[in-house]
Structures are given as C-alpha cells and as structure tokens.
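The data block below is data_33.cif; it holds mmCIF, C-alpha atoms and all ligand atoms.
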```
data_coords
#
loop_
_atom_site.label_atom_id
_atom_site.label_comp_id
_atom_site.auth_asym_id
_atom_site.auth_seq_id
_atom_site.Cartn_x
_atom_site.Cartn_y
_atom_site.Cartn_z
CA MET A 4 -18.02 -12.94 26.29
CA ALA A 5 -17.95 -12.63 22.49
CA ASP A 6 -15.09 -10.58 21.05
CA ASN A 7 -16.84 -7.87 19.03
CA ILE A 8 -13.71 -5.82 18.37
CA LYS A 9 -13.18 -5.39 14.63
CA ARG A 10 -9.48 -5.87 13.87
CA SER A 11 -7.68 -4.38 10.90
CA PRO A 12 -5.99 -6.88 8.61
CA LYS A 13 -2.23 -7.30 8.90
CA ARG A 14 -0.24 -6.11 5.91
CA LEU A 15 2.94 -7.64 4.52
CA THR A 16 4.85 -6.18 1.56
CA VAL A 17 7.42 -8.29 -0.27
CA ILE A 18 9.99 -6.09 -2.00
CA SER A 19 13.44 -6.28 -3.52
CA GLY A 20 16.12 -3.79 -4.50
CA LYS A 21 15.86 -4.85 -8.15
CA GLY A 22 13.75 -7.08 -10.38
CA GLY A 23 14.38 -10.80 -10.93
CA THR A 24 15.21 -11.76 -7.33
CA GLY A 25 12.34 -14.24 -7.00
CA LYS A 26 10.13 -11.82 -5.05
CA THR A 27 6.93 -12.79 -6.87
CA SER A 28 7.63 -16.54 -6.52
CA ILE A 29 7.94 -16.08 -2.76
CA LEU A 30 4.83 -13.90 -2.56
CA GLY A 31 2.90 -16.54 -4.56
CA ALA A 32 4.06 -19.26 -2.16
CA PHE A 33 2.93 -17.15 0.80
CA ALA A 34 -0.46 -16.76 -0.87
CA ALA A 35 -0.73 -20.57 -0.99
CA LEU A 36 0.26 -20.90 2.67
CA ALA A 37 -1.64 -17.97 4.18
CA HIS A 38 -5.14 -19.36 3.53
CA ASN A 39 -7.41 -16.68 2.13
CA ALA A 40 -5.35 -13.50 2.27
CA VAL A 41 -6.24 -10.63 -0.06
CA LEU A 42 -3.50 -10.26 -2.66
CA ALA A 43 -2.41 -6.86 -3.96
CA ASP A 44 -0.07 -6.80 -6.95
CA CYS A 45 1.58 -3.40 -6.57
CA ASP A 46 4.35 -4.10 -9.08
CA VAL A 47 2.27 -2.04 -11.51
CA ASP A 48 5.13 -1.25 -13.91
CA ALA A 49 5.86 -4.95 -14.50
CA ALA A 50 3.03 -6.95 -12.95
CA ASN A 51 3.54 -10.72 -13.17
CA LEU A 52 1.76 -12.24 -10.17
CA HIS A 53 -1.15 -12.98 -12.53
CA LEU A 54 1.10 -15.44 -14.42
CA LEU A 55 1.36 -17.53 -11.27
CA LEU A 56 -2.16 -17.16 -9.92
CA ALA A 57 -4.28 -16.95 -13.11
CA PRO A 58 -6.82 -14.51 -11.62
CA LYS A 59 -10.37 -14.45 -12.99
CA THR A 60 -11.29 -10.79 -13.26
CA HIS A 61 -14.85 -9.79 -12.33
CA LYS A 62 -14.48 -6.00 -12.17
CA THR A 63 -12.42 -3.56 -14.25
CA GLU A 64 -12.26 0.19 -13.69
CA LYS A 65 -10.40 3.00 -15.38
CA PHE A 66 -7.93 4.73 -13.08
CA PHE A 67 -7.72 8.50 -13.47
CA ALA A 68 -4.91 10.69 -12.15
CA GLY A 69 -3.77 14.15 -13.28
CA TYR A 70 -4.97 15.95 -16.40
CA LYS A 71 -4.47 16.17 -20.14
CA ALA A 72 -5.01 19.29 -22.22
CA ILE A 73 -7.59 19.02 -25.02
CA LEU A 74 -7.80 21.68 -27.73
CA ASN A 75 -10.98 22.74 -29.49
CA PRO A 76 -9.95 23.63 -33.08
CA GLN A 77 -13.28 25.43 -33.69
CA THR A 78 -12.55 28.02 -30.99
CA CYS A 79 -8.76 28.29 -31.46
CA THR A 80 -7.56 31.42 -33.30
CA ALA A 81 -4.12 29.95 -33.98
CA CYS A 82 -2.37 32.75 -32.07
CA GLY A 83 0.44 30.37 -31.03
CA LYS A 84 0.67 31.58 -27.41
CA CYS A 85 0.21 28.08 -25.96
CA VAL A 86 3.09 26.77 -28.11
CA GLU A 87 5.38 29.41 -26.59
CA MET A 88 4.23 28.83 -23.03
CA CYS A 89 4.27 25.02 -22.82
CA ARG A 90 7.59 24.28 -21.15
CA PHE A 91 7.18 20.56 -21.80
CA ARG A 92 7.12 21.14 -25.58
CA ALA A 93 3.90 19.18 -25.79
CA ILE A 94 2.32 21.63 -28.26
CA SER A 95 3.51 22.13 -31.83
CA MET A 96 2.22 24.24 -34.68
CA PRO A 97 3.34 22.76 -38.01
CA ASP A 98 1.16 25.24 -39.92
CA ASP A 99 1.11 28.89 -38.69
CA SER A 100 -2.44 29.41 -39.88
CA ALA A 101 -3.92 26.22 -38.37
CA PRO A 102 -4.62 25.26 -34.72
CA PRO A 103 -1.67 23.65 -32.95
CA ILE A 104 -1.44 19.96 -32.03
CA ILE A 105 -1.10 18.70 -28.44
CA ASP A 106 0.90 15.51 -27.95
CA ALA A 107 -1.04 13.69 -25.21
CA LEU A 108 1.95 11.47 -24.39
CA VAL A 109 4.11 14.53 -23.62
CA CYS A 110 1.46 16.72 -21.95
CA GLU A 111 2.02 16.87 -18.17
CA GLY A 112 -1.37 18.43 -17.48
CA CYS A 113 0.15 21.52 -15.84
CA GLY A 114 -2.72 23.72 -17.09
CA VAL A 115 -0.63 26.68 -18.29
CA CYS A 116 -2.04 26.51 -21.84
CA HIS A 117 -5.58 26.43 -20.43
CA ASP A 118 -4.88 29.47 -18.25
CA ILE A 119 -3.24 31.63 -20.92
CA CYS A 120 -5.39 30.80 -23.97
CA PRO A 121 -7.18 34.04 -24.93
CA ALA A 122 -9.88 32.12 -26.82
CA ASP A 123 -10.69 29.59 -24.06
CA ALA A 124 -9.94 26.90 -26.60
CA ILE A 125 -8.22 24.46 -24.21
CA VAL A 126 -9.86 22.36 -21.53
CA LEU A 127 -8.21 20.03 -19.01
CA GLU A 128 -9.68 16.55 -18.80
CA ASP A 129 -9.01 13.82 -16.24
CA ALA A 130 -6.24 11.61 -17.59
CA VAL A 131 -6.69 7.84 -17.77
CA CYS A 132 -3.53 6.32 -16.27
CA GLY A 133 -4.41 2.67 -16.30
CA ASP A 134 -6.88 -0.05 -15.38
CA LEU A 135 -7.66 -1.42 -11.93
CA TYR A 136 -8.86 -5.03 -11.67
CA GLU A 137 -10.66 -6.99 -8.97
CA SER A 138 -10.22 -10.73 -9.47
CA GLU A 139 -10.52 -14.07 -7.77
CA THR A 140 -7.67 -16.58 -7.52
CA ARG A 141 -7.49 -20.11 -6.12
CA PHE A 142 -6.01 -18.56 -2.95
CA GLY A 143 -8.39 -15.63 -2.45
CA PRO A 144 -9.28 -12.23 -3.90
CA MET A 145 -6.67 -10.28 -5.82
CA VAL A 146 -6.45 -6.61 -6.79
CA HIS A 147 -4.08 -5.71 -9.59
CA ALA A 148 -3.56 -3.01 -12.19
CA GLU A 149 -2.06 -2.17 -15.52
CA LEU A 150 -0.42 1.15 -16.20
CA GLY A 151 -1.59 2.67 -19.48
CA VAL A 152 0.75 3.43 -22.40
CA GLY A 153 2.80 6.46 -21.41
CA GLY A 154 1.08 6.28 -18.03
CA GLU A 155 2.81 7.88 -15.08
CA MET A 156 1.45 8.27 -11.57
CA SER A 157 2.37 4.65 -10.79
CA GLY A 158 2.65 5.62 -7.10
CA LYS A 159 -0.98 6.73 -7.14
CA LEU A 160 -2.01 3.54 -8.93
CA VAL A 161 -0.24 1.49 -6.22
CA THR A 162 -2.14 3.43 -3.56
CA ALA A 163 -5.40 2.72 -5.43
CA VAL A 164 -4.59 -1.03 -5.55
CA ARG A 165 -3.78 -1.08 -1.84
CA THR A 166 -6.85 0.90 -0.86
CA ARG A 167 -9.11 -1.48 -2.77
CA ALA A 168 -7.37 -4.55 -1.29
CA ASP A 169 -7.82 -3.10 2.22
CA GLU A 170 -11.50 -2.45 1.53
CA ILE A 171 -12.06 -6.05 0.41
CA ALA A 172 -10.14 -7.40 3.41
CA GLU A 173 -12.09 -5.29 5.90
CA LYS A 174 -15.46 -5.93 4.27
CA ASN A 175 -15.03 -9.71 4.12
CA GLY A 176 -13.01 -10.22 7.29
CA HIS A 177 -9.68 -11.31 5.78
CA GLY A 178 -6.90 -11.20 8.34
CA LEU A 179 -4.04 -10.45 5.93
CA VAL A 180 -3.22 -8.37 2.87
CA LEU A 181 -0.20 -9.69 0.95
CA ILE A 182 1.40 -6.99 -1.18
CA ASP A 183 3.77 -7.65 -4.08
CA GLY A 184 5.79 -4.42 -4.15
CA SER A 185 7.75 -2.87 -7.00
CA PRO A 186 11.49 -3.40 -7.18
CA GLY A 187 13.77 -0.40 -6.60
CA LEU A 188 13.31 2.71 -4.50
CA GLY A 189 10.95 4.95 -6.44
CA CYS A 190 7.53 6.36 -5.75
CA PRO A 191 5.63 3.03 -6.29
CA VAL A 192 7.87 1.27 -3.76
CA ILE A 193 7.27 3.93 -1.14
CA ALA A 194 3.52 3.68 -1.84
CA SER A 195 3.63 -0.10 -1.46
CA LEU A 196 5.43 0.15 1.91
CA ALA A 197 3.44 2.92 3.58
CA GLY A 198 1.84 1.74 6.82
CA VAL A 199 2.52 -2.00 6.44
CA ASP A 200 3.21 -4.21 9.47
CA VAL A 201 6.22 -6.00 8.02
CA ALA A 202 8.40 -5.55 4.90
CA LEU A 203 10.10 -8.69 3.63
CA ILE A 204 13.08 -7.87 1.43
CA VAL A 205 14.21 -10.52 -1.04
CA ALA A 206 17.93 -10.11 -1.74
CA GLU A 207 20.37 -11.87 -4.02
CA PRO A 208 24.03 -12.24 -3.01
CA THR A 209 25.59 -10.17 -5.77
CA VAL A 210 27.56 -6.97 -5.27
CA SER A 211 24.75 -4.88 -6.76
CA GLY A 212 22.14 -6.92 -4.84
CA PHE A 213 23.93 -6.19 -1.56
CA HIS A 214 24.10 -2.49 -2.41
CA ASP A 215 20.38 -2.45 -3.33
CA LEU A 216 19.51 -4.24 -0.08
CA GLY A 217 21.29 -1.52 1.92
CA ARG A 218 19.23 1.15 0.21
CA VAL A 219 15.94 -0.68 0.77
CA LEU A 220 16.82 -1.27 4.44
CA ASP A 221 17.53 2.48 4.78
CA LEU A 222 14.12 3.18 3.25
CA CYS A 223 12.39 0.84 5.73
CA LYS A 224 14.30 2.45 8.61
CA HIS A 225 13.31 5.89 7.40
CA PHE A 226 9.63 4.89 7.53
CA GLY A 227 10.02 3.05 10.85
CA LEU A 228 8.97 -0.32 9.37
CA ASP A 229 9.75 -3.76 10.76
CA ALA A 230 11.83 -5.45 8.07
CA CYS A 231 13.19 -8.95 7.56
CA VAL A 232 15.28 -10.44 4.77
CA VAL A 233 15.30 -13.58 2.65
CA ILE A 234 18.51 -14.34 0.78
CA ASN A 235 17.58 -16.09 -2.44
CA LYS A 236 20.19 -18.14 -4.35
CA HIS A 237 22.42 -17.83 -1.28
CA ASP A 238 24.87 -20.40 -2.64
CA ILE A 239 25.82 -18.47 -5.79
CA ASN A 240 28.14 -16.23 -3.78
CA PRO A 241 28.82 -17.35 -0.18
CA ASP A 242 31.08 -14.33 0.53
CA VAL A 243 28.36 -11.80 -0.29
CA THR A 244 25.78 -13.95 1.55
CA SER A 245 27.98 -13.69 4.61
CA GLN A 246 28.24 -9.90 4.15
CA ILE A 247 24.44 -9.67 3.93
CA THR A 248 23.93 -11.67 7.12
CA SER A 249 26.53 -9.51 8.94
CA CYS A 250 24.85 -6.33 7.69
CA CYS A 251 21.43 -7.60 8.86
CA SER A 252 22.82 -8.62 12.22
CA ALA A 253 24.43 -5.16 12.68
CA SER A 254 21.12 -3.51 11.74
CA LYS A 255 19.12 -5.88 14.00
CA VAL A 256 17.15 -7.11 10.98
CA GLU A 257 16.12 -10.77 11.04
CA VAL A 258 17.19 -13.04 8.18
CA ALA A 259 14.02 -15.09 7.86
CA GLY A 260 15.71 -17.67 5.66
CA GLU A 261 18.16 -18.54 2.93
CA ILE A 262 17.16 -20.38 -0.24
CA PRO A 263 19.69 -22.05 -2.56
CA TYR A 264 19.59 -21.69 -6.32
CA ASP A 265 17.03 -24.16 -7.64
CA ASN A 266 15.48 -24.17 -11.09
CA ALA A 267 12.32 -25.67 -9.52
CA PHE A 268 11.15 -22.05 -9.14
CA THR A 269 11.34 -21.53 -12.91
CA LYS A 270 9.69 -24.89 -13.60
CA ALA A 271 6.89 -24.11 -11.15
CA MET A 272 6.38 -20.68 -12.74
CA LEU A 273 6.20 -22.24 -16.22
CA ALA A 274 3.64 -24.74 -14.89
CA GLY A 275 1.58 -21.84 -13.48
CA LYS A 276 2.06 -23.18 -9.94
CA THR A 277 3.57 -21.83 -6.75
CA ILE A 278 6.58 -23.66 -5.37
CA ILE A 279 4.28 -25.01 -2.64
CA GLU A 280 1.89 -26.57 -5.16
CA TYR A 281 4.81 -27.82 -7.24
CA ASP A 282 6.09 -29.27 -3.94
CA ALA A 283 9.71 -29.32 -4.97
CA ALA A 284 11.69 -30.57 -1.99
CA PRO A 285 13.70 -29.24 -0.28
CA VAL A 286 13.04 -25.63 -1.37
CA ALA A 287 9.28 -25.83 -0.79
CA ASP A 288 9.96 -26.81 2.84
CA MET A 289 12.42 -23.93 3.19
CA VAL A 290 9.77 -21.50 1.97
CA ARG A 291 7.28 -23.04 4.45
CA ASP A 292 9.77 -22.36 7.27
CA ILE A 293 10.26 -18.78 6.08
CA TRP A 294 6.49 -18.28 6.01
CA ARG A 295 6.21 -19.54 9.62
CA ARG A 296 8.81 -17.00 10.72
CA VAL A 297 7.20 -14.13 8.81
CA ALA A 298 3.75 -15.09 10.10
CA GLY A 299 5.23 -15.00 13.60
CA LEU A 300 6.53 -11.46 13.00
CA LEU A 301 3.06 -10.48 11.78
CA GLY A 302 1.43 -12.08 14.83
CA ILE A 303 -0.64 -14.43 12.65
CA GLU A 304 -1.67 -17.74 14.15
CA GLN A 305 -0.55 -20.78 12.18
CA GLU A 306 -2.22 -24.17 12.04
S1 LIG B 401 -3.39 29.87 -27.14
FE1 LIG B 401 -5.49 29.16 -27.55
S2 LIG B 401 -6.08 30.28 -29.38
FE2 LIG B 401 -3.89 30.47 -29.22
S3 LIG B 401 -3.09 28.77 -30.48
FE3 LIG B 401 -3.23 28.03 -28.39
S4 LIG B 401 -5.25 27.08 -28.29
FE4 LIG B 401 -5.27 28.35 -30.09
S1 LIG B 402 -1.28 21.22 -19.89
FE1 LIG B 402 0.83 21.96 -19.62
S2 LIG B 402 2.05 20.31 -20.48
FE2 LIG B 402 0.02 19.99 -21.24
S3 LIG B 402 -0.02 21.00 -23.19
FE3 LIG B 402 -0.77 22.49 -21.69
S4 LIG B 402 1.02 23.65 -21.07
FE4 LIG B 402 1.75 21.83 -22.11
#
```

Now, as a test, write the supplied structure out as structure tokens.
Amino acid sequence: MADNIKRSPKRLTVISGKGGTGKTSILGAFAALAHNAVLADCDVDAANLHLLLAPKTHKTEKFFAGYKAILNPQTCTACGKCVEMCRFRAISMPDDSAPPIIDALVCEGCGVCHDICPADAIVLEDAVCGDLYESETRFGPMVHAELGVGGEMSGKLVTAVRTRADEIAEKNGHGLVLIDGSPGLGCPVIASLAGVDVALIVAEPTVSGFHDLGRVLDLCKHFGLDACVVINKHDINPDVTSQITSCCSASKVEVAGEIPYDNAFTKAMLAGKTIIEYDAAPVADMVRDIWRRVAGLLGIEQE
C-alpha cells in the first residue's frame, strides 16, 4: 500500500559558542553531502554562507518588525512634550520654535510620543529591519537575510528565515532543513534552535571555547534538544580537547567527530568550494564520517 503520510522535514542547526570556529565550513560540507536539503542561513548578524555557496537570488522581500515614529512638521505645534517624554532620547529640538527631529536609528518604536502628542502630529510606521532572500544554490534552495543598518529584531528575522525555509521544504518535499545558527547565546541563537531535531555544536579547544561550549550545552538542555559536538582544530590544545570529551561524556552528549587544524578549510573557502568539493584528504573524509553520524542521529537514510 502506498505511504500517503506527509512527513515534516528534519531540522539540524549547526551552532557554536563564538564566531570563527568553522561552523559555516561544516554546514557547507553537510549541504554538499545531504543531497537537496533546504539551507537556512540564520547567522543574520554576520551571514557568510553565501560566500561558500554563491546563491542566485530570485526573490527579495523587505522584513518589517516593530515601529518607527514619524513626525508631521505641518501639524506639529512645537510644544516640546514628546522631547520630554521620550525616554530613549530619540527626539531633539535644536530650535525651540521649530518642530523637533526624531532620530530613526535611536527610536525604539515604543509609541509614547504618538500617544501624548496633543496635535496628533506623530504616526507609527512599520519599521524595515532587513531583507529576506530566497535563492538557489548548487546544493538546493537557500533562504538568507541581511539585517538593515541599525536593525534590531534579529531573533524575529531568524524566525522569518526558518519559517520560509520550512515552507519551501514542505511544499517541495525536501527531507531536511540545514540551519546555520548564530554564534553565542542571544535571541537569534535561541530562535535558530527552537524546535529542531538535532543541534550540532562546533567547539574549539581553547579555554574560552570550552566555557562557551558549556553555556551552549546548557541552552540545549534547557530546551530539551538532542545535541552533539564536533571539536574543530582538536590538535591545537590536546588538554582542553580531553576536557571537552570528558564534559560531553558526563553530559551524555555524543562527540560526533574531531577535526585537526588544516588550512585546507581556508583554501576551500577562498576557492568558493566546500571542503567536500575541494576534496582535501584526510579532513574531507573526516567530515564525511561526521555527517554519517549526524544523519544517523537525525534518522536520515544515507546512500
Ligand atoms: S508633542 Fe506633538 S506637537 Fe508637541 S513637539 Fe512633539 S510632535 Fe510637535
Ligand atoms: S516611539 Fe518611543 S522611542 Fe520612538 S521617538 Fe517616540 S517616544 Fe521616542
């Protein structure tokens, strides 16, 4: 009998406690190995997956979140009340007899000025926070974004990227969404981890890297996520590598693999290729092995 059950795609987020751990190189390699996953670049504050995958964008949309206050100088009576009431100091009045000026980069869109203006001279408009892109890469569709100048709400932008990637995956029957998460622990990271099947944490064996790993593992535990770890550049500090493996073992977190320092990653990145395409032995084979283990955790069948 035909299996008519529609299955949701699996979701894997690759994260790290800090930037520069090789997270995006590993995500790019997984994209090459996964065969037609949907890619979601959720590192919206410092997106760089596009450097590796050269996406061809076919759809761009403005992303709106929150509000900005806009003043109508024709209606304003220059009473100065909004200047007094804005606790973010976004409104200034250089000339007492002229309408004040609102600094859009400082305005938090709280709406107080709009509410208290006796002349109804201030309106709140939807704020543009960035751009959302739908693209095609040599490994499958990709959704990515760019935060606007002074843009905040990066957590909401991450959620928008993930939602669109999920929609594309479900509509076109992709079995996997690969998510490049933000480094650190802030709002965008939490948004990139919510509801995923597996979180892969890329850690470097430095004292700060070990500390960051502990915090990211705590975050995954807090959200009840299955996590596994890759130790990148494991040979730069064998003592800390050993501490990381002990910590993972104590926390019952699988170490999916260890990769030595190898400048082939940088060379591949400069060539615009993943380490799999660059085929630099032996690290490319190590990444293949890691992918097999992660795919096993996700329950994805491998050829
Ligand atoms: S409160 Fe309204 S009328 Fe008064 S200065 Fe501000 S914008 Fe102008
Ligand atoms: S919306 Fe809030 S932050 Fe923005 S200018 Fe008005 S009072 Fe200030």

Next on the checklist: Considering only C-alpha atoms and all ligand atoms, can you say which of A:Ser95, A:Ser28, A:Asn39, A:Thr78 comes closest to ligand LIG 402 (chain B)?
Outcome noted: A:Ser95

Next on the checklist: With only C-alpha atoms as the counted atoms, please give the residues lying no more than 12 Å from A:Gly302, apart from itself and same-chain residues fewer than 3 positions off, as a list of chain:residue names.
Outcome noted: A:Pro12, A:Lys13, A:Arg14, A:Leu15, A:Gly178, A:Leu179, A:Asp200, A:Val201, A:Trp294, A:Arg295, A:Arg296, A:Val297, A:Ala298, A:Gly299, A:Gln305

Next on the checklist: Taking only C-alpha atoms and all ligand atoms into account, list the residues no farther than 6 Å from ligand LIG 402 (chain B), as a PyMOL selection string.
Outcome noted: chain A and resi 71-72+89+91+93-94+105+110-116

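Residue nearest A:Cys82, chosen from A:Ala122, A:Asp106, A:Leu273, A:Gly212 and counting all atoms listed in the file: A:Ala122.
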
Checklist outcome for this item: Between A:His147, A:Lys84, A:Arg90, A:Lys65, smallest distance to ligand LIG 401 (chain B) by only C-alpha atoms and all ligand atoms belongs to A:Lys84

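Checking A:Glu137, A:Glu87, A:Asp129, A:Asp46 one by one against A:Ser157, counting all atoms listed in the file, you find the shortest gap at A:Asp46.
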
Closest-contact table, chain A side, partner ligand LIG 401 (chain B), 8 Å, counting only C-alpha atoms and all ligand atoms, as CSV:
```
residue,atom,partner,partner_atom,distance
A:Leu74,CA,B:LIG401,S4,6.0
A:Asn75,CA,B:LIG401,S4,7.3
A:Pro76,CA,B:LIG401,FE4,7.3
A:Thr78,CA,B:LIG401,S2,7.0
A:Cys79,CA,B:LIG401,FE4,3.7
A:Thr80,CA,B:LIG401,S2,4.3
A:Ala81,CA,B:LIG401,S3,3.8
A:Cys82,CA,B:LIG401,FE2,4.0
A:Gly83,CA,B:LIG401,S3,3.9
A:Lys84,CA,B:LIG401,S1,4.4
A:Cys85,CA,B:LIG401,S1,4.2
A:Val86,CA,B:LIG401,FE3,6.5
A:Pro102,CA,B:LIG401,FE4,5.6
A:Pro103,CA,B:LIG401,S3,5.9
A:Cys116,CA,B:LIG401,S1,6.4
A:His117,CA,B:LIG401,FE1,7.6
A:Ile119,CA,B:LIG401,S1,6.5
A:Cys120,CA,B:LIG401,S1,3.9
A:Pro121,CA,B:LIG401,FE1,5.8
A:Ala122,CA,B:LIG401,S2,4.9
A:Asp123,CA,B:LIG401,FE1,6.3
A:Ala124,CA,B:LIG401,S4,5.0
A:Ile125,CA,B:LIG401,S4,5.7
```
